[in-house]
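Student: Data file start.cif (mmCIF, C-alpha atoms) is appended below.
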```cif
data_upload
#
loop_
_atom_site.label_atom_id
_atom_site.label_comp_id
_atom_site.auth_asym_id
_atom_site.auth_seq_id
_atom_site.Cartn_x
_atom_site.Cartn_y
_atom_site.Cartn_z
CA MET C 1 10.03 -30.67 -16.39
CA GLY C 2 7.95 -33.61 -17.56
CA ASP C 3 5.26 -33.41 -20.25
CA ILE C 4 2.37 -33.51 -17.77
CA ALA C 5 3.96 -30.77 -15.69
CA LYS C 6 4.49 -28.60 -18.78
CA VAL C 7 0.85 -28.99 -19.83
CA ALA C 8 -0.31 -28.19 -16.30
CA PHE C 9 1.98 -25.16 -16.17
CA GLN C 10 0.70 -23.87 -19.54
CA PHE C 11 -2.89 -24.42 -18.39
CA PHE C 12 -2.20 -22.53 -15.19
CA GLN C 13 -0.63 -19.64 -17.13
CA THR C 14 -3.57 -19.32 -19.51
CA GLU C 15 -6.39 -19.97 -17.04
CA PHE C 16 -5.28 -17.63 -14.28
CA THR C 17 -4.34 -14.02 -14.77
CA MET C 18 -0.99 -13.29 -13.26
CA ILE C 19 -1.01 -10.43 -10.80
CA ILE C 20 2.02 -8.21 -11.21
CA THR C 21 2.86 -6.10 -8.18
CA GLY C 22 4.85 -2.95 -7.62
CA THR C 23 7.57 -5.11 -6.09
CA HIS C 24 7.81 -7.07 -9.35
CA PHE C 25 8.25 -3.81 -11.25
CA ASN C 26 10.90 -2.63 -8.81
CA TYR C 27 12.87 -5.89 -8.95
CA TYR C 28 12.58 -6.01 -12.75
CA GLN C 29 14.51 -2.73 -12.90
CA VAL C 30 17.16 -3.89 -10.45
CA CYS C 31 17.81 -7.57 -11.21
CA LYS C 32 15.91 -10.18 -13.23
CA ARG C 33 17.31 -12.92 -10.98
CA LYS C 34 15.90 -11.23 -7.86
CA LEU C 35 12.56 -10.87 -9.66
CA TRP C 36 12.50 -14.57 -10.60
CA LEU C 37 13.50 -15.74 -7.12
CA PHE C 38 10.93 -13.52 -5.39
CA ALA C 39 8.11 -14.43 -7.78
CA ASN C 40 8.90 -18.12 -7.41
CA GLY C 41 8.57 -18.09 -3.64
CA ILE C 42 12.15 -17.50 -2.50
CA ASN C 43 11.83 -14.48 -0.23
CA MET C 44 14.95 -13.28 1.53
CA GLU C 45 13.55 -9.91 2.64
CA LEU C 46 12.27 -11.36 5.92
CA SER C 47 15.81 -11.66 7.28
CA SER C 48 17.29 -8.48 5.75
CA ASP C 49 18.54 -5.74 8.07
CA LEU C 50 18.19 -3.18 5.25
CA VAL C 51 14.55 -4.09 4.72
CA PHE C 52 13.94 -3.87 8.47
CA ASP C 53 15.66 -0.46 8.52
CA GLY C 54 13.40 0.70 5.66
CA LYS C 55 10.31 -0.41 7.56
CA LEU C 56 11.40 1.55 10.63
CA ILE C 57 11.93 4.67 8.50
CA HIS C 58 8.53 4.12 6.93
CA GLU C 59 6.78 3.76 10.30
CA ASN C 60 8.54 6.62 12.08
CA SER C 61 9.16 9.34 9.48
CA TYR C 62 5.63 10.67 9.10
CA PRO C 63 3.57 9.36 12.03
CA GLN C 64 0.61 11.67 11.29
CA ARG C 65 0.38 10.57 7.66
CA SER C 66 -1.91 7.59 8.27
CA GLU C 67 -4.50 9.98 9.68
CA ARG C 68 -4.49 12.20 6.56
CA TYR C 69 -4.04 9.67 3.76
CA GLU C 70 -5.50 6.26 3.06
CA GLU C 71 -3.93 2.92 2.31
CA LEU C 72 -5.08 1.60 -1.04
CA GLU C 73 -4.97 -2.01 -2.26
CA ILE C 74 -6.06 -2.74 -5.81
CA GLU C 75 -5.08 -5.40 -8.37
CA GLY C 76 -2.06 -6.68 -6.49
CA ILE C 77 -0.58 -3.32 -5.58
CA LYS C 78 -0.51 -1.76 -2.15
CA ILE C 79 -0.10 1.99 -1.90
CA ASP C 80 0.72 2.88 1.68
CA PHE C 81 -0.22 6.55 1.47
CA TYR C 82 -2.66 7.84 -1.15
CA ASP C 83 -4.10 11.34 -1.09
CA ALA C 84 -7.39 10.72 -2.92
CA ARG C 85 -8.46 14.38 -2.90
CA ASN C 86 -5.30 15.58 -4.69
CA ARG C 87 -4.61 12.24 -6.47
CA VAL C 88 -1.10 11.87 -5.11
CA ILE C 89 0.74 8.66 -4.32
CA HIS C 90 3.33 9.03 -1.57
CA GLU C 91 6.01 6.33 -1.73
CA MET C 92 8.72 6.31 0.93
CA LYS C 93 12.11 4.73 0.34
CA ARG C 94 15.18 4.29 2.51
CA SER C 95 17.74 5.36 -0.08
CA ASN C 96 17.82 6.72 -3.61
CA LYS C 97 20.50 4.27 -4.79
CA ILE C 98 18.05 2.54 -7.12
CA GLU C 99 15.91 5.58 -7.86
CA LYS C 100 15.02 4.39 -11.38
CA ALA C 101 13.43 1.25 -9.90
CA HIS C 102 11.51 3.33 -7.37
CA GLU C 103 10.28 5.63 -10.11
CA TRP C 104 9.01 2.73 -12.25
CA GLN C 105 7.29 1.18 -9.23
CA VAL C 106 5.34 4.41 -8.70
CA LYS C 107 4.62 4.70 -12.43
CA TYR C 108 3.19 1.19 -12.29
CA TYR C 109 0.96 2.26 -9.39
CA ILE C 110 -0.23 5.20 -11.50
CA HIS C 111 -0.86 2.81 -14.40
CA VAL C 112 -3.02 0.51 -12.26
CA LEU C 113 -5.04 3.46 -10.98
CA GLU C 114 -5.52 4.71 -14.55
CA GLN C 115 -6.69 1.25 -15.62
CA ASN C 116 -9.32 1.56 -12.90
CA GLY C 117 -10.57 4.97 -13.98
CA VAL C 118 -8.50 7.22 -11.71
CA THR C 119 -6.81 9.85 -13.88
CA ASP C 120 -4.37 12.71 -13.36
CA VAL C 121 -2.47 10.90 -10.61
CA ILE C 122 1.07 11.91 -9.73
CA GLY C 123 3.57 10.29 -7.41
CA ILE C 124 5.97 11.67 -4.85
CA LEU C 125 9.04 9.61 -4.00
CA GLU C 126 10.18 10.50 -0.50
CA TYR C 127 13.61 9.80 0.95
CA PRO C 128 13.23 10.90 4.61
CA THR C 129 16.81 10.19 5.67
CA LEU C 130 18.08 12.28 2.74
CA ARG C 131 15.38 14.95 3.22
CA HIS C 132 14.68 14.72 -0.49
CA THR C 133 11.59 14.20 -2.65
CA ASP C 134 11.07 13.58 -6.36
CA LYS C 135 7.88 14.08 -8.34
CA VAL C 136 6.86 11.18 -10.59
CA VAL C 137 4.61 11.76 -13.59
CA MET C 138 3.42 9.38 -16.26
CA THR C 139 3.94 10.07 -19.97
CA ASP C 140 2.41 8.36 -22.99
CA SER C 141 5.83 6.83 -23.67
CA ASP C 142 5.89 5.44 -20.11
CA ARG C 143 2.46 3.87 -20.66
CA GLU C 144 3.76 2.04 -23.74
CA LYS C 145 6.88 0.92 -21.88
CA ILE C 146 4.80 -0.42 -18.98
CA VAL C 147 2.81 -2.66 -21.32
CA ALA C 148 6.07 -4.08 -22.73
CA MET C 149 7.59 -4.42 -19.24
CA LYS C 150 4.56 -6.33 -17.96
CA ALA C 151 5.00 -8.87 -20.75
CA ASP C 152 8.72 -9.17 -20.07
CA ILE C 153 8.15 -9.49 -16.32
CA ALA C 154 5.73 -12.36 -16.99
CA ASN C 155 8.34 -14.02 -19.24
CA VAL C 156 11.05 -13.72 -16.57
CA ILE C 157 8.77 -15.03 -13.83
CA HIS C 158 7.57 -18.01 -15.88
CA ALA C 159 10.99 -19.00 -17.22
CA GLU C 160 12.00 -22.52 -16.26
CA ALA C 161 15.49 -21.44 -15.21
CA CYS C 162 16.56 -18.69 -12.87
CA PRO C 163 18.40 -15.84 -14.65
CA PRO C 164 22.16 -15.56 -14.00
CA THR C 165 23.72 -13.28 -11.41
CA ILE C 166 24.50 -9.76 -12.60
CA ASN C 167 27.67 -9.09 -10.56
CA ALA C 168 26.82 -5.44 -9.95
CA ARG C 169 27.85 -3.18 -7.06
CA ILE C 170 24.27 -3.18 -5.78
CA CYS C 171 24.47 -6.95 -5.23
CA LYS C 172 26.45 -6.63 -1.99
CA SER C 173 23.58 -4.78 -0.30
CA CYS C 174 20.88 -7.09 -1.68
CA SER C 175 18.97 -9.40 0.66
CA TYR C 176 19.58 -12.20 -1.89
CA TYR C 177 23.38 -11.73 -1.93
CA GLU C 178 24.29 -14.84 0.06
CA PHE C 179 21.77 -16.92 -1.84
CA CYS C 180 23.28 -15.84 -5.17
CA TYR C 181 26.99 -15.68 -4.40
CA ILE C 182 27.87 -17.94 -1.51
CA SER C 183 28.40 -21.41 -2.89
CA GLU C 184 28.44 -24.63 -0.96
CA PRO C 185 31.84 -26.11 -0.23
CA GLU C 186 32.95 -28.74 -2.70
CA THR C 187 33.05 -32.31 -1.39
#
```
What does this structure look like when you write it as C-alpha cells?

Tutor:
Amino acid sequence: MGDIAKVAFQFFQTEFTMIITGTHFNYYQVCKRKLWLFANGINMELSSDLVFDGKLIHENSYPQRSERYEELEIEGIKIDFYDARNRVIHEMKRSNKIEKAHEWQVKYYIHVLEQNGVTDVIGILEYPTLRHTDKVVMTDSDREKIVAMKADIANVIHAEACPPTINARICKSCSYYEFCYISEPET
C-alpha cells in the first residue's frame, strides 16, 4: 500500500466509526480469515446451500412469530425476533455445531441493547431441527470480554493481509471453503 493510500486509510479509520455487526462477532469466534474476507467485501454466503437451508428453517419454523415479535435494527445489528415486553431476543440457527459463536453473537446483541438503555435482556438460541433451545445471559465478565473482542475484531478487519487458513474440521462446511483451499493450477 502506498503512502497516500495509508494516510487515506488511517483517516478513514479515525473519521468514521466502524459498525460491528452480530455477523462479525459470530465469524470472529469461528475463523478470523472468514471475518476478514466478509468485512472486506468478499461474501460467499450468497451461493451457499447451507446458508440457504438456514434461511428456509428460519422462515418456516415459526411462521406465527413475526406477528408476535418485532424485528429490531439498531447500530448495525438486526434482531429478527425481539419480544420487547419480556426483553427476550430469539435467535434461530440451523445447527449447534458452532454454538459458542452463536452465543457470543446473541451476547453482542444484548450488549448493543444495553448500550442503548435497554436492560435485563436475555437471549434464547433456538435450533428448530434439533428441537433444542439454550438461554443466553450476559455477565459482567462477558461485558469486559466484548469490549476487548470489539477492539480485536477491528484489528482483524483493518489488517492489510488476510489471516491464514485454520485447517479445522468446520472448514469443509464453510461457504468460504473453496475460496480458501482450492488453489489455481500451476502454469

Student: Between atom CA of C:Gln105 and atom CA of C:Lys34, what distance in Å does the model show, to one decimal?

Tutor: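 A separation of 15.2 Å between them.
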
Student: Atom CA of C:Gln29 and atom CA of C:Lys150 are how many Å apart?

Tutor: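 So the answer is 11.7 Å.
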
Student: Closest to C:Thr133 among C:Asn86, C:Ser175, C:Ser95, C:Thr21, using only C-alpha atoms?

Tutor: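 Between C:Asn86, C:Ser175, C:Ser95, C:Thr21, the residue approaching C:Thr133 most closely is C:Ser95.
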
Student: Neighbouring residues of C:Ala101 were defined as those with any atom within 8 Å, considering all atoms listed in the file; residues of the same chain fewer than 2 positions away were excluded. Please report them as a compact mmCIF listing (two decimals) with C-alpha atoms, keeping the file's coordinate frame.

Tutor:
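Final output, part-v2.txt:
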```txt
# COMPACT_ATOMS: atom_id res chain seq x y z
CA PHE C 25 8.25 -3.81 -11.25
CA ASN C 26 10.90 -2.63 -8.81
CA TYR C 27 12.87 -5.89 -8.95
CA TYR C 28 12.58 -6.01 -12.75
CA GLN C 29 14.51 -2.73 -12.90
CA VAL C 30 17.16 -3.89 -10.45
CA ILE C 98 18.05 2.54 -7.12
CA GLU C 99 15.91 5.58 -7.86
CA GLU C 103 10.28 5.63 -10.11
CA TRP C 104 9.01 2.73 -12.25
CA GLN C 105 7.29 1.18 -9.23
```

Student: Assuming the chain letters and numbering stay as they are in my file, what does the PyMOL selection byres ((chain C and resi 107) around 10) actually select? List them as a list in words.

Tutor: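 Applying the expression gives Gly22, Phe25, Ile89, Ala101, His102, Glu103, Trp104, Gln105, Val106, Tyr108, Tyr109, Ile110, His111, Val112, Leu113, Val121, Ile122, Gly123, Val136, Val137, Met138, Thr139, Asp142, Arg143 and Ile146 of chain C.
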
Student: What lies within 12 Å of C:Asp152 using all atoms listed in the file, ignoring chain neighbours under 5 positions off, as a ChimeraX atom specification?

Tutor: /C:20,24-25,28-29,32,35-36,145-147,157-159

Student: May I have the residues from that selection written out with C-alpha atoms, as a PDB file, in the frame of the given file?

Tutor:
```pdb
ATOM      1  CA  ILE C  20       2.020  -8.210 -11.210  1.00  0.00           C
ATOM      2  CA  HIS C  24       7.810  -7.070  -9.350  1.00  0.00           C
ATOM      3  CA  PHE C  25       8.250  -3.810 -11.250  1.00  0.00           C
ATOM      4  CA  TYR C  28      12.580  -6.010 -12.750  1.00  0.00           C
ATOM      5  CA  GLN C  29      14.510  -2.730 -12.900  1.00  0.00           C
ATOM      6  CA  LYS C  32      15.910 -10.180 -13.230  1.00  0.00           C
ATOM      7  CA  LEU C  35      12.560 -10.870  -9.660  1.00  0.00           C
ATOM      8  CA  TRP C  36      12.500 -14.570 -10.600  1.00  0.00           C
ATOM      9  CA  LYS C 145       6.880   0.920 -21.880  1.00  0.00           C
ATOM     10  CA  ILE C 146       4.800  -0.420 -18.980  1.00  0.00           C
ATOM     11  CA  VAL C 147       2.810  -2.660 -21.320  1.00  0.00           C
ATOM     12  CA  ILE C 157       8.770 -15.030 -13.830  1.00  0.00           C
ATOM     13  CA  HIS C 158       7.570 -18.010 -15.880  1.00  0.00           C
ATOM     14  CA  ALA C 159      10.990 -19.000 -17.220  1.00  0.00           C
TER      15      ALA C 159
END
```

Student: Quick one: everything within 9 Å of C:Met44, counting only C-alpha atoms, minus sequence neighbours fewer than 5 positions away in the same chain. Send it as a count of residues only.

Tutor: 4

Student: With all atoms listed in the file as the atoms that count, which of C:Lys97, C:Arg169, C:Lys78, C:Arg85 lies nearest to C:Asp120?

Tutor: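 Closest residue, counting all atoms listed in the file: C:Arg85.
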
Student: Grab the atom CA of C:Gln115 to atom CA of C:Thr23 distance for me, in Å with one decimal place.

Tutor: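 Distance reported for this atom pair: 18.3 Å.
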
Student: For C:Pro163, which residue among C:Met149, C:Ile19, C:Ile79, C:Leu37 is the nearest when counting only C-alpha atoms?

Tutor: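 Checking each candidate against C:Pro163, we get C:Leu37 as the closest.
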
Student: Take the PyMOL selection byres ((chain C and resi 127-130) around 8), apply it to the structure above, and return the hits as a list in words.

Tutor: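 Going through the file, the PyMOL selection byres ((chain C and resi 127-130) around 8) ends up selecting Ile57, Ser61, Met92, Lys93, Arg94, Ser95, Asn96, Leu125, Glu126, Arg131, His132 and Thr133 of chain C.
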
Student: For C:Glu70, find every residue with an atom within 10 Å (counting only C-alpha atoms), except residues of its own chain fewer than 2 positions away, and show them as a list in words.

Tutor: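 Using only C-alpha atoms, the neighbours found are Arg65, Ser66, Glu67, Arg68, Leu72, Glu73, Ile79, Asp80, Phe81, Tyr82, Asp83, Ala84 and Ile89 of chain C.
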
Student: For stretch 90-100 of chain C, I'd like the enclosing box, axis-aligned and padded by 4 Å on every side, reported as lines of an AutoDock Vina configuration file with centre and edge lengths in Å to one decimal.

Tutor:
```
center_x = 11.9
center_y = 5.8
center_z = -4.4
size_x = 25.2
size_y = 14.5
size_z = 21.9
```

Student: Which one of C:Ile153, C:Asp134, C:Cys180, C:Cys171 sits closest to C:Lys100 if you count only C-alpha atoms?

Tutor: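 Comparing C:Ile153, C:Asp134, C:Cys180, C:Cys171 against C:Lys100, the winner is C:Asp134.
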